[in-house]
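**Q** The following file, structure.txt, comprises compact mmCIF, C-alpha atoms:
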# COMPACT_ATOMS: atom_id res chain seq x y z
CA MET R 1 -31.02 -7.70 29.73
CA PHE R 2 -27.44 -8.87 29.18
CA HIS R 3 -25.14 -10.06 31.94
CA ILE R 4 -21.80 -9.93 30.24
CA LYS R 5 -18.64 -9.55 32.22
CA LYS R 6 -15.75 -7.39 31.08
CA ARG R 7 -13.73 -10.39 29.84
CA ASN R 8 -15.71 -11.18 26.79
CA THR R 9 -15.67 -14.85 25.95
CA LEU R 10 -18.51 -17.13 25.18
CA ASN R 11 -18.20 -18.78 28.58
CA ASP R 12 -19.55 -15.58 30.07
CA ILE R 13 -22.74 -15.80 28.07
CA THR R 14 -25.34 -17.45 30.23
CA GLU R 15 -28.64 -19.04 29.31
CA ASP R 16 -30.67 -15.84 29.50
CA ASN R 17 -28.41 -14.04 27.07
CA LYS R 18 -29.52 -13.34 23.60
CA MET R 19 -27.52 -11.23 21.23
CA ARG R 20 -26.54 -10.57 17.70
CA VAL R 21 -22.87 -10.22 16.68
CA ILE R 22 -20.96 -9.94 13.40
CA ILE R 23 -17.81 -11.95 12.72
CA ASP R 24 -15.08 -9.39 12.07
CA ARG R 25 -12.24 -11.88 11.59
CA PHE R 26 -10.64 -15.14 12.66
CA GLU R 27 -7.51 -15.10 14.83
CA GLY R 28 -6.06 -18.48 15.82
CA ASP R 29 -8.75 -20.44 17.66
CA TYR R 30 -11.13 -17.49 17.91
CA ALA R 31 -13.69 -15.66 15.87
CA VAL R 32 -13.39 -11.99 16.81
CA CYS R 33 -16.94 -10.62 16.74
CA GLU R 34 -18.40 -7.15 16.87
CA LYS R 35 -21.26 -6.58 19.29
CA GLU R 36 -23.99 -4.06 18.57
CA ASN R 37 -22.26 -1.53 20.88
CA PHE R 38 -18.96 -1.91 18.91
CA GLU R 39 -17.34 -3.93 21.70
CA MET R 40 -15.32 -6.88 20.41
CA ILE R 41 -15.87 -10.36 21.77
CA ASP R 42 -13.80 -13.51 21.15
CA ILE R 43 -15.76 -16.70 20.50
CA GLU R 44 -14.01 -20.06 20.15
CA ILE R 45 -14.39 -21.20 16.56
CA GLU R 46 -15.29 -24.74 17.65
CA LYS R 47 -18.47 -23.36 19.23
CA LEU R 48 -19.66 -21.90 15.92
CA PRO R 49 -21.49 -23.57 13.03
CA ALA R 50 -18.97 -25.25 10.73
CA ASN R 51 -19.56 -23.08 7.65
CA VAL R 52 -19.16 -19.60 9.21
CA LYS R 53 -17.38 -16.87 7.25
CA GLU R 54 -16.05 -13.39 7.95
CA GLY R 55 -18.96 -10.97 7.83
CA ASP R 56 -21.60 -13.47 8.96
CA VAL R 57 -24.18 -12.16 11.40
CA LEU R 58 -24.67 -14.59 14.30
CA ILE R 59 -27.60 -14.97 16.64
CA ILE R 60 -26.45 -16.14 20.04
CA ASP R 61 -29.22 -17.56 22.23
CA GLY R 62 -27.76 -19.07 25.34
CA LYS R 63 -25.42 -21.78 24.13
CA TYR R 64 -27.08 -21.97 20.72
CA ILE R 65 -25.43 -20.05 17.93
CA LYS R 66 -26.74 -19.82 14.41
CA ILE R 67 -26.04 -17.74 11.32
CA ASP R 68 -28.61 -15.03 10.58
CA THR R 69 -28.47 -15.45 6.82
CA ILE R 70 -31.21 -12.90 6.10
CA GLU R 71 -29.56 -10.14 8.15
CA THR R 72 -26.13 -11.06 6.69
CA GLU R 73 -27.41 -10.75 3.13
CA LYS R 74 -29.27 -7.52 3.91
CA ARG R 75 -26.12 -5.91 5.32
CA ARG R 76 -23.97 -7.10 2.41
CA LYS R 77 -26.34 -5.53 -0.11
CA GLU R 78 -26.54 -2.29 1.87
CA ILE R 79 -22.76 -1.99 2.11
CA GLN R 80 -22.21 -2.95 -1.53
CA SER R 81 -24.46 -0.21 -2.82
CA LEU R 82 -22.74 2.37 -0.59
CA MET R 83 -19.37 1.13 -1.86
CA ASP R 84 -20.42 1.47 -5.50
CA GLU R 85 -21.24 5.07 -4.73
CA LEU R 86 -17.93 5.83 -2.98
CA TRP R 87 -15.24 3.99 -4.96
CA GLU R 88 -13.92 5.84 -7.99
CA MET B 1 53.23 41.53 -37.77
CA ASN B 2 50.89 43.77 -39.61
CA LYS B 3 47.90 45.44 -38.09
CA ASN B 4 45.42 42.85 -39.39
CA ALA B 5 47.43 39.93 -38.04
CA ARG B 6 47.66 41.62 -34.61
CA ILE B 7 43.89 42.12 -34.53
CA PHE B 8 43.40 38.48 -35.52
CA VAL B 9 45.65 37.22 -32.68
CA ILE B 10 43.96 39.43 -30.12
CA PHE B 11 40.56 38.37 -31.35
CA THR B 12 41.48 34.64 -31.19
CA LEU B 13 42.91 34.98 -27.68
CA LEU B 14 39.79 36.79 -26.61
CA LEU B 15 37.61 34.07 -28.13
CA ILE B 16 39.56 31.30 -26.38
CA PHE B 17 39.31 33.18 -23.12
CA VAL B 18 35.56 33.68 -23.47
CA ILE B 19 34.95 30.00 -24.36
CA ALA B 20 37.16 28.77 -21.53
CA PHE B 21 35.51 31.10 -19.05
CA SER B 22 32.00 30.11 -20.10
CA LEU B 23 32.93 26.42 -19.81
CA ILE B 24 34.22 26.87 -16.28
CA THR B 25 31.14 28.83 -15.32
CA THR B 26 28.77 26.22 -16.76
CA THR B 27 30.52 23.38 -14.96
CA ASP B 28 30.45 25.32 -11.72
CA THR B 29 26.78 26.16 -12.07
CA LEU B 30 26.01 22.56 -12.85
CA LYS B 31 27.81 21.30 -9.77
CA PHE B 32 26.19 23.95 -7.66
CA ASN B 33 22.73 23.02 -8.88
CA ILE B 34 23.18 19.37 -8.11
CA THR B 35 24.24 20.16 -4.57
CA THR B 36 21.36 22.55 -4.09
CA ASP B 37 18.85 20.00 -5.33
CA ASN B 38 20.10 17.38 -2.94
CA LYS B 39 19.84 19.84 -0.13
CA THR B 40 16.27 20.85 -0.87
CA ASP B 41 15.10 17.30 -1.21
CA PHE B 42 16.80 15.51 1.55
CA GLN B 43 18.62 17.63 4.08
CA GLY B 44 16.81 18.54 7.24
CA ASN B 45 13.34 17.49 6.14
CA ASN B 46 13.43 14.03 7.64
CA LEU B 47 10.94 11.32 6.87
CA GLU B 48 9.30 10.29 10.12
CA VAL B 49 7.43 7.05 10.58
CA HIS B 50 5.43 6.71 13.80
CA PHE B 51 4.24 3.22 14.69
CA ILE B 52 1.56 4.29 17.15
CA ASP B 53 0.87 1.94 20.06
CA VAL B 54 -2.78 0.93 19.60
CA GLY B 55 -2.57 -2.41 21.41
CA GLN B 56 -3.53 -5.29 19.13
CA GLY B 57 -3.85 -3.36 15.85
CA ASP B 58 -2.05 -1.18 13.34
CA ALA B 59 -1.72 2.61 13.11
CA ILE B 60 1.18 4.28 11.29
CA LEU B 61 1.70 8.01 10.80
CA ILE B 62 4.22 9.10 8.16
CA THR B 63 5.36 12.71 7.85
CA GLN B 64 7.68 14.42 5.37
CA ASN B 65 8.14 18.16 5.27
CA ASN B 66 4.61 18.95 6.51
CA HIS B 67 3.03 16.34 4.24
CA ASN B 68 1.38 13.54 6.15
CA MET B 69 -0.24 10.18 5.69
CA LEU B 70 -1.84 7.57 7.89
CA ILE B 71 -1.92 3.82 7.37
CA ASP B 72 -4.72 2.29 9.50
CA ALA B 73 -6.03 3.68 12.79
CA GLY B 74 -6.31 0.82 15.28
CA ASP B 75 -9.50 -0.62 16.78
CA ASN B 76 -12.56 1.48 17.66
CA LYS B 77 -11.50 1.87 21.27
CA TYR B 78 -8.18 3.45 20.23
CA GLU B 79 -9.67 6.15 18.00
CA LYS B 80 -8.99 8.86 20.60
CA THR B 81 -5.41 7.61 21.01
CA VAL B 82 -4.80 8.02 17.28
CA VAL B 83 -6.60 11.37 16.90
CA ASN B 84 -4.78 12.81 19.93
CA TYR B 85 -1.43 11.49 18.73
CA LEU B 86 -1.91 13.23 15.38
CA LYS B 87 -3.02 16.46 17.06
CA LYS B 88 0.07 16.37 19.28
CA GLN B 89 2.15 16.24 16.10
CA SER B 90 0.30 19.39 14.95
CA ILE B 91 -1.22 17.49 12.02
CA LYS B 92 -3.99 19.44 10.26
CA LYS B 93 -4.16 17.58 6.99
CA LEU B 94 -3.52 14.00 5.93
CA ASP B 95 -2.53 13.90 2.25
CA TYR B 96 -3.30 10.18 2.16
CA VAL B 97 -5.27 7.82 4.35
CA ILE B 98 -4.84 4.11 3.69
CA GLY B 99 -7.22 1.57 5.21
CA THR B 100 -5.25 -1.60 4.44
CA HIS B 101 -8.29 -3.91 4.76
CA PRO B 102 -11.67 -3.76 6.53
CA HIS B 103 -10.82 -5.59 9.81
CA SER B 104 -11.69 -3.58 12.90
CA ASP B 105 -8.15 -3.69 14.37
CA HIS B 106 -7.02 -1.70 11.32
CA ILE B 107 -9.91 0.58 10.33
CA GLY B 108 -11.73 0.92 13.67
CA GLY B 109 -10.42 4.43 14.36
CA LEU B 110 -10.54 5.68 10.76
CA ASP B 111 -14.00 7.25 11.04
CA ALA B 112 -12.83 9.48 13.91
CA VAL B 113 -9.66 10.41 11.99
CA ILE B 114 -11.61 11.28 8.83
CA ASP B 115 -14.02 13.39 10.91
CA ALA B 116 -11.22 15.23 12.72
CA PHE B 117 -8.74 16.16 9.96
CA GLU B 118 -8.62 17.55 6.45
CA ILE B 119 -8.25 14.52 4.18
CA GLY B 120 -6.66 14.24 0.74
CA LYS B 121 -6.88 10.84 -0.91
CA VAL B 122 -8.42 7.75 0.71
CA ILE B 123 -6.99 4.45 -0.54
CA MET B 124 -8.80 1.21 0.36
CA PRO B 125 -9.29 -2.15 -1.36
CA LYS B 126 -12.77 -2.51 -2.82
CA VAL B 127 -13.94 -5.39 -0.68
CA GLU B 128 -17.02 -5.34 1.47
CA HIS B 129 -17.47 -6.21 5.12
CA THR B 130 -20.74 -6.25 7.03
CA THR B 131 -19.56 -4.82 10.35
CA LYS B 132 -20.87 -1.58 11.81
CA THR B 133 -17.22 -0.53 12.14
CA PHE B 134 -16.76 -0.68 8.36
CA LEU B 135 -20.11 1.00 7.73
CA ASP B 136 -19.05 3.84 10.06
CA VAL B 137 -15.85 4.41 8.07
CA LEU B 138 -17.78 4.54 4.81
CA THR B 139 -20.33 6.90 6.37
CA SER B 140 -17.58 9.30 7.50
CA ILE B 141 -16.07 9.21 3.99
CA LYS B 142 -19.46 9.94 2.45
CA ASN B 143 -20.33 12.72 4.90
CA LYS B 144 -17.08 14.46 4.04
CA GLY B 145 -17.81 14.27 0.32
CA LEU B 146 -14.73 12.13 -0.29
CA LYS B 147 -14.21 9.30 -2.77
CA VAL B 148 -12.19 6.12 -2.32
CA THR B 149 -9.37 5.07 -4.63
CA ALA B 150 -8.78 1.35 -5.08
CA PRO B 151 -5.09 0.32 -4.86
CA ASN B 152 -3.53 -0.45 -8.22
CA VAL B 153 -0.24 -2.35 -8.12
CA GLY B 154 2.62 -0.30 -9.55
CA ASP B 155 0.96 3.08 -8.94
CA ILE B 156 3.32 5.61 -7.39
CA TYR B 157 2.27 8.46 -5.12
CA LYS B 158 4.44 11.33 -3.89
CA LEU B 159 4.64 12.47 -0.29
CA ASP B 160 6.71 15.60 -0.90
CA GLY B 161 10.34 14.38 -1.15
CA ALA B 162 9.32 10.78 -0.50
CA LYS B 163 7.28 8.41 -2.65
CA PHE B 164 5.38 5.19 -2.19
CA THR B 165 4.52 2.37 -4.58
CA ILE B 166 1.51 0.07 -4.31
CA VAL B 167 2.81 -3.51 -4.14
CA ALA B 168 -0.38 -5.46 -3.28
CA PRO B 169 -3.15 -6.68 -3.47
CA ASN B 170 -2.49 -8.44 -6.76
CA ASN B 171 -5.87 -10.12 -7.11
CA LYS B 172 -9.52 -9.10 -7.12
CA THR B 173 -10.84 -11.90 -4.91
CA TYR B 174 -9.48 -13.74 -1.90
CA LYS B 175 -11.01 -16.04 0.69
CA ASP B 176 -9.61 -14.05 3.63
CA LEU B 177 -9.88 -10.30 4.05
CA ASN B 178 -6.24 -10.19 5.26
CA ASN B 179 -4.96 -10.88 1.76
CA TYR B 180 -6.73 -7.82 0.38
CA SER B 181 -4.29 -5.75 2.47
CA VAL B 182 -2.81 -2.77 0.67
CA VAL B 183 0.97 -3.25 0.79
CA ILE B 184 3.16 -0.25 0.02
CA LYS B 185 6.86 0.42 -0.29
CA MET B 186 7.89 3.87 0.89
CA GLU B 187 11.16 5.32 -0.38
CA TYR B 188 13.03 8.35 0.86
CA ASP B 189 16.36 8.86 -0.92
CA LYS B 190 18.45 5.82 0.04
CA THR B 191 16.11 4.51 2.73
CA SER B 192 12.95 2.44 2.38
CA PHE B 193 10.08 0.94 4.34
CA LEU B 194 7.66 -1.87 3.48
CA PHE B 195 4.20 -1.69 5.09
CA THR B 196 2.32 -4.96 4.76
CA GLY B 197 -0.97 -4.65 6.67
CA ASP B 198 -2.11 -8.22 7.38
CA ALA B 199 -1.02 -9.67 4.02
CA GLU B 200 -0.52 -13.41 4.39
CA VAL B 201 1.78 -15.92 2.69
CA LEU B 202 -0.50 -16.10 -0.38
CA SER B 203 -0.21 -12.35 -1.01
CA GLU B 204 3.53 -12.48 -0.25
CA LYS B 205 3.94 -15.12 -2.99
CA GLU B 206 2.05 -12.94 -5.48
CA ILE B 207 4.25 -9.98 -4.54
CA LEU B 208 7.39 -12.08 -5.15
CA ASN B 209 6.05 -13.18 -8.56
CA ASN B 210 5.59 -9.55 -9.51
CA LYS B 211 9.30 -8.76 -9.77
CA ILE B 212 8.82 -5.36 -8.11
CA ASN B 213 11.89 -4.66 -5.96
CA ILE B 214 10.63 -5.00 -2.39
CA GLU B 215 13.96 -4.69 -0.60
CA ALA B 216 13.50 -2.39 2.37
CA ASP B 217 15.43 -1.24 5.44
CA VAL B 218 12.36 -1.49 7.66
CA LEU B 219 9.63 -4.13 7.44
CA LYS B 220 6.30 -3.64 9.19
CA VAL B 221 5.84 -7.33 9.91
CA GLY B 222 2.62 -8.72 8.42
CA HIS B 223 -0.41 -9.63 10.57
CA HIS B 224 1.04 -8.70 13.97
CA GLY B 225 3.81 -11.32 13.72
CA SER B 226 1.40 -14.21 13.12
CA ASP B 227 2.81 -17.27 11.35
CA THR B 228 0.20 -16.78 8.61
CA SER B 229 2.65 -14.18 7.23
CA SER B 230 6.43 -13.59 7.00
CA SER B 231 7.44 -16.57 4.88
CA ALA B 232 11.19 -17.21 4.63
CA GLU B 233 11.16 -16.39 0.90
CA PHE B 234 9.48 -13.08 1.56
CA LEU B 235 11.88 -12.08 4.34
CA ASP B 236 14.83 -13.04 2.14
CA ALA B 237 13.52 -10.79 -0.64
CA VAL B 238 12.79 -7.81 1.62
CA LYS B 239 16.13 -8.20 3.47
CA PRO B 240 15.17 -5.74 6.21
CA LYS B 241 17.59 -4.45 8.84
CA TYR B 242 14.72 -3.63 11.18
CA ALA B 243 11.33 -5.24 11.79
CA VAL B 244 8.44 -3.54 13.55
CA ILE B 245 5.64 -5.66 15.02
CA GLN B 246 2.41 -3.85 15.89
CA VAL B 247 1.02 -6.10 18.57
CA GLY B 248 -0.92 -5.80 21.85
CA GLU B 249 0.44 -6.95 25.19
CA GLY B 250 -1.00 -10.28 26.33
CA ASN B 251 -3.17 -10.81 23.24
CA LYS B 252 -4.73 -14.26 23.23
CA TYR B 253 -4.02 -15.00 19.58
CA GLY B 254 -0.38 -15.84 20.26
CA HIS B 255 0.98 -12.86 18.27
CA PRO B 256 3.81 -12.62 17.55
CA THR B 257 4.53 -16.34 17.19
CA ALA B 258 7.86 -17.86 18.22
CA GLU B 259 8.23 -19.06 14.63
CA THR B 260 8.09 -15.53 13.20
CA LEU B 261 10.38 -14.13 15.91
CA ASN B 262 12.94 -16.89 15.24
CA LYS B 263 12.87 -16.25 11.49
CA LEU B 264 13.63 -12.58 12.13
CA LYS B 265 16.32 -13.32 14.72
CA ASN B 266 18.02 -15.90 12.49
CA ARG B 267 18.39 -13.20 9.86
CA ASP B 268 19.90 -10.74 12.36
CA ILE B 269 16.95 -8.40 11.94
CA LYS B 270 16.52 -5.97 14.84
CA ILE B 271 12.98 -6.30 16.21
CA TYR B 272 10.86 -3.49 17.66
CA ARG B 273 7.41 -4.23 19.15
CA ASN B 274 4.67 -1.90 20.32
CA ASP B 275 3.78 -4.21 23.23
CA LEU B 276 7.32 -3.90 24.61
CA ASP B 277 8.50 -0.55 23.26
CA GLY B 278 5.34 1.60 23.29
CA ASN B 279 5.23 4.10 20.45
CA ILE B 280 8.05 3.49 17.98
CA ILE B 281 9.37 6.37 15.87
CA ALA B 282 11.74 5.80 12.96
CA VAL B 283 13.40 8.90 11.51
CA SER B 284 15.18 8.77 8.16
CA ASP B 285 17.44 11.55 6.91
CA GLY B 286 17.62 9.80 3.54
CA ASN B 287 20.78 7.93 4.44
CA GLU B 288 20.19 6.29 7.77
CA ILE B 289 17.27 5.47 10.03
CA ILE B 290 17.23 6.19 13.73
CA PHE B 291 14.65 4.64 16.07
CA THR B 292 13.22 6.36 19.13
CA LEU B 293 11.27 4.18 21.57
CA GLU B 294 8.73 5.39 24.09
CA ARG B 295 9.95 2.64 26.43
CA ASN B 296 13.37 4.27 26.68
CA LEU B 297 11.77 7.58 27.55
CA LYS B 298 9.63 6.04 30.29
CA LYS B 299 12.42 3.90 31.76
CA ASP B 300 12.32 3.72 35.52
CA ASN B 301 15.65 5.51 35.71
CA PRO B 302 15.40 7.96 38.61
CA PRO B 303 14.50 11.33 37.06
CA LYS B 304 16.74 13.31 39.46
CA GLU B 305 19.85 11.45 38.42
CA SER B 306 19.08 11.91 34.74
CA GLU B 307 18.40 15.58 35.19
CA GLU B 308 21.77 16.09 36.80
CA SER B 309 23.57 14.45 33.95
CA TYR B 310 21.72 16.59 31.43
CA GLU B 311 22.49 19.89 33.12
CA GLU B 312 25.83 20.22 31.43
CA TYR B 313 24.07 21.31 28.24
CA ASP B 314 23.15 24.95 27.75
CA ILE B 315 20.60 24.43 25.03
CA TYR B 316 18.24 21.73 23.85
CA ILE B 317 16.88 21.67 20.31
CA GLY B 318 13.34 20.36 19.81
CA ASN B 319 11.82 19.16 16.54
CA LYS B 320 8.42 20.85 16.21
CA ASN B 321 7.11 17.95 14.10
CA SER B 322 8.28 14.88 15.97
CA LYS B 323 8.28 16.59 19.40
CA VAL B 324 11.64 14.97 20.06
CA PHE B 325 14.45 17.09 21.50
CA HIS B 326 18.19 16.79 21.04
CA VAL B 327 21.48 18.21 22.26
CA ASP B 328 23.30 20.37 19.73
CA THR B 329 25.88 17.70 18.93
CA CYS B 330 23.23 15.22 17.75
CA ASN B 331 23.49 14.32 14.07
CA SER B 332 19.74 14.17 13.56
CA LEU B 333 18.90 17.79 14.25
CA PRO B 334 15.86 19.32 12.58
CA ILE B 335 16.17 22.22 10.12
CA GLU B 336 16.04 25.71 11.55
CA ASN B 337 12.36 26.26 10.68
CA ASN B 338 11.31 23.17 12.60
CA ARG B 339 13.38 23.96 15.68
CA LYS B 340 12.20 24.97 19.10
CA TYR B 341 14.90 25.86 21.61
CA PHE B 342 14.80 25.05 25.32
CA GLU B 343 17.18 26.28 28.00
CA THR B 344 16.64 23.35 30.33
CA PHE B 345 15.86 19.69 30.04
CA GLU B 346 12.80 20.18 32.22
CA GLU B 347 11.47 22.98 30.03
CA ALA B 348 11.60 20.66 27.02
CA LEU B 349 9.80 17.88 28.92
CA ASN B 350 7.13 20.28 30.19
CA ALA B 351 6.50 21.43 26.63
CA GLY B 352 5.57 17.82 25.81
CA TYR B 353 8.84 16.97 24.02
CA THR B 354 10.61 13.66 24.50
CA PRO B 355 14.40 13.22 24.60
CA CYS B 356 16.14 11.76 21.53
CA SER B 357 17.10 8.14 22.07
CA LYS B 358 20.38 8.66 20.27
CA CYS B 359 21.90 11.74 21.88
CA ILE B 360 20.15 11.89 25.26
CA THR B 361 18.67 8.60 26.50
CA GLN B 362 20.78 5.63 25.55
Kindly return the structure encoded in the file as C-alpha cells.

**A**
Amino acid sequence: MFHIKKRNTLNDITEDNKMRVIIDRFEGDYAVCEKENFEMIDIEIEKLPANVKEGDVLIIDGKYIKIDTIETEKRRKEIQSLMDELWE
Amino acid sequence: MNKNARIFVIFTLLLIFVIAFSLITTTDTLKFNITTDNKTDFQGNNLEVHFIDVGQGDAILITQNNHNMLIDAGDNKYEKTVVNYLKKQSIKKLDYVIGTHPHSDHIGGLDAVIDAFEIGKVIMPKVEHTTKTFLDVLTSIKNKGLKVTAPNVGDIYKLDGAKFTIVAPNNKTYKDLNNYSVVIKMEYDKTSFLFTGDAEVLSEKEILNNKINIEADVLKVGHHGSDTSSSAEFLDAVKPKYAVIQVGEGNKYGHPTAETLNKLKNRDIKIYRNDLDGNIIAVSDGNEIIFTLERNLKKDNPPKESEESYEEYDIYIGNKNSKVFHVDTCNSLPIENNRKYFETFEEALNAGYTPCSKCITQ
C-alpha cells in the first residue's frame, strides 16, 4: 500500500513505501522518474546512488534507493529486440 | 518588280510576321506559367505551425495544404490534449510523425496519436530507453504495422509545397538522450523554421560544423529554454526573428533560464512561450509569418465591449484548417476552398473559431 501525495517528491515517500521507478531523464537537480502507473515523480539527484544513468530501474524502499541492475538489463534487451524489428 | 520578286517579298514579310508573333507568344506563355506556378505553390495555402500548449513538454503540429505532420506529443498526461487538438483541426492523416528523442515529455502522447490517426512515416532516432512510455510508443507503432525511419542528416522530405531537412543528430552515440534529438529545418518559400527538440550545446556544435545553412525566421528554442542549449554561436548562426519556448508554468527545473532569455533579448528576438501565451500558432504565407496567441483570445477584456466593436463588420471569414477567423480586409485570408463565412462575431466563436490576432484582437 502506497501513501503518496499528489506532489510527488521523495520527501513524500515514507518508511512503509516500496516502489520501483525508471529514470526517464535528468532536469537540473532532479531525476524525473516514471512510476509503474505512468505518473512522473521528481527525485533529487543527491538522494540517488552516484552512478545512476537515464533508463536505470530504481528500487525505492523507504529512504533506501538502489539500482535494479537485473531489471534494467532485462528491459534494455527487450526494447532492443523490438527496436531491431521496427527500425528500417 | 516582277511577279517572282513580289511573291518573295510577301513571303519574307509573312515569315518575319510569323516568327515575331511566335516569339511574343512564347514569352507571354513563359511569363504566364511562372506566375501560375507561384500561385499554385504559395498563394493561399499557408504553412501553419501550431506550438500546442502541453505544459512542460513539446508538441508541434505543422499543416500545409491538407498535408500534416507532428513533432512530439507532450507527456503521457497530455495525450488527450494533443489528440483533441488535432481532431479540432480536422486532421485525419499525419504524413510524418517525428519523435525527437525518447524522453516522456516529448513522446509520452505519441502512442495515443498513432492509435488515433492514419500515419505516414515515423521518424525517430534509433536509441533505446527502458521506460514503459517508450515501450508503449513502440507497441503502438508495431500494432499499426508501421516501420520507423532513422533520421539521416541532409535528407529532405516534402510536405506538399513545403520541405524539411534533417539537420541532426550527427552522431550515433551520445551520453545524454537529449543530444539524439532530431533537429529539422522547415522551409516554405522565403520563410523557415528550425525545430530543435532538446538538442544541447554539443549537438549545436556538430550542426555548426556541418555547414548546412540553419538560418531560420523562427527558432523552437532547444530543451525548453534550459541553459544546456542555445549557445551564443548557435543563435548567431540561426539568426531568428522569433523564438518559441515550449515550457510549463511553474516548472521546478528553472526553464526557461534567465541566461537563455537574456541571450534572446540581447539579439532582439521576439519571444513566445506556451506558459504565458497558451497555444501559439505561426502562419506563413511564404513571405511573412504572423503569430496568433491563445492568450490574446482569452484576454480578460469584457466580451460585451469587444462584441460591440466588432459589429461594424458584415461578414467574418474563417479558415477551416486553422479555425481562425478574420475580417475581409485582413491580409492573411485563406483561399476560397478553405473558407467558412460567418455573419456575426458570435456565430464564428460558437463554431469554435478564434479571432485573428492581426485583424481582430490586437

**Q** Pick from B:Lys239, B:Lys220, B:Lys142, B:Lys163: nearest to chain R, with all atoms listed in the file counted?

**A**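 Between B:Lys239, B:Lys220, B:Lys142, B:Lys163, the residue approaching chain R most closely is B:Lys142.
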
**Q** Between atom CA of Lys211 of chain B and atom CA of Gly161 of chain B, what distance in Å does the model show, to one decimal?

**A**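 Pair atom CA of Lys211 of chain B / atom CA of Gly161 of chain B returns 24.7 Å.
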
**Q** Please, which residues of chain B lie no more than 6 Å from chain R when the count uses only C-alpha atoms, and can they be set out as number ranges by chain?

**A** B: 129-130, 147-149, 253

**Q** What's the 8 Å shell around Val244 of chain B, counting all atoms listed in the file, without same-chain residues fewer than 2 positions away, as a PDB file with C-alpha atoms, in the coordinates of the input?

**A**
ATOM      1  CA  VAL B 218      12.360  -1.490   7.660  1.00  0.00           C
ATOM      2  CA  LEU B 219       9.630  -4.130   7.440  1.00  0.00           C
ATOM      3  CA  LYS B 220       6.300  -3.640   9.190  1.00  0.00           C
ATOM      4  CA  VAL B 221       5.840  -7.330   9.910  1.00  0.00           C
ATOM      5  CA  TYR B 242      14.720  -3.630  11.180  1.00  0.00           C
ATOM      6  CA  GLN B 246       2.410  -3.850  15.890  1.00  0.00           C
ATOM      7  CA  ILE B 271      12.980  -6.300  16.210  1.00  0.00           C
ATOM      8  CA  TYR B 272      10.860  -3.490  17.660  1.00  0.00           C
ATOM      9  CA  ARG B 273       7.410  -4.230  19.150  1.00  0.00           C
ATOM     10  CA  ASN B 274       4.670  -1.900  20.320  1.00  0.00           C
TER      11      ASN B 274
END

**Q** So how far away is atom CA of Asn66 of chain B from atom CA of Lys92 of chain B, in Å?

**A**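 Going from atom CA of Lys92 of chain B over to atom CA of Asn66 of chain B, I get 9.4 Å.
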
**Q** For atom CA of Leu47 of chain B and atom CA of Gln64 of chain B, quote the distance in Å rounded to one decimal.

**A** 4.7 Å

**Q** Give the answer as one residue: which of R:Ile70, R:Met19, R:Ala31, R:Ser81 has the shortest atom-to-atom distance to Leu48 of chain R, using all atoms listed in the file?

**A**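 So, comparing all the options, the nearest one is R:Ala31.
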
**Q** Go through B:Glu233, B:Asp111, B:Asp277, B:Asp189 one by one, measure the shortest atom-to-atom distance of each to Val83 of chain B using all atoms listed in the file, and give the residue with the smallest value.

**A**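 When distances to Val83 of chain B are compared using all atoms listed in the file, the smallest one comes from B:Asp111.
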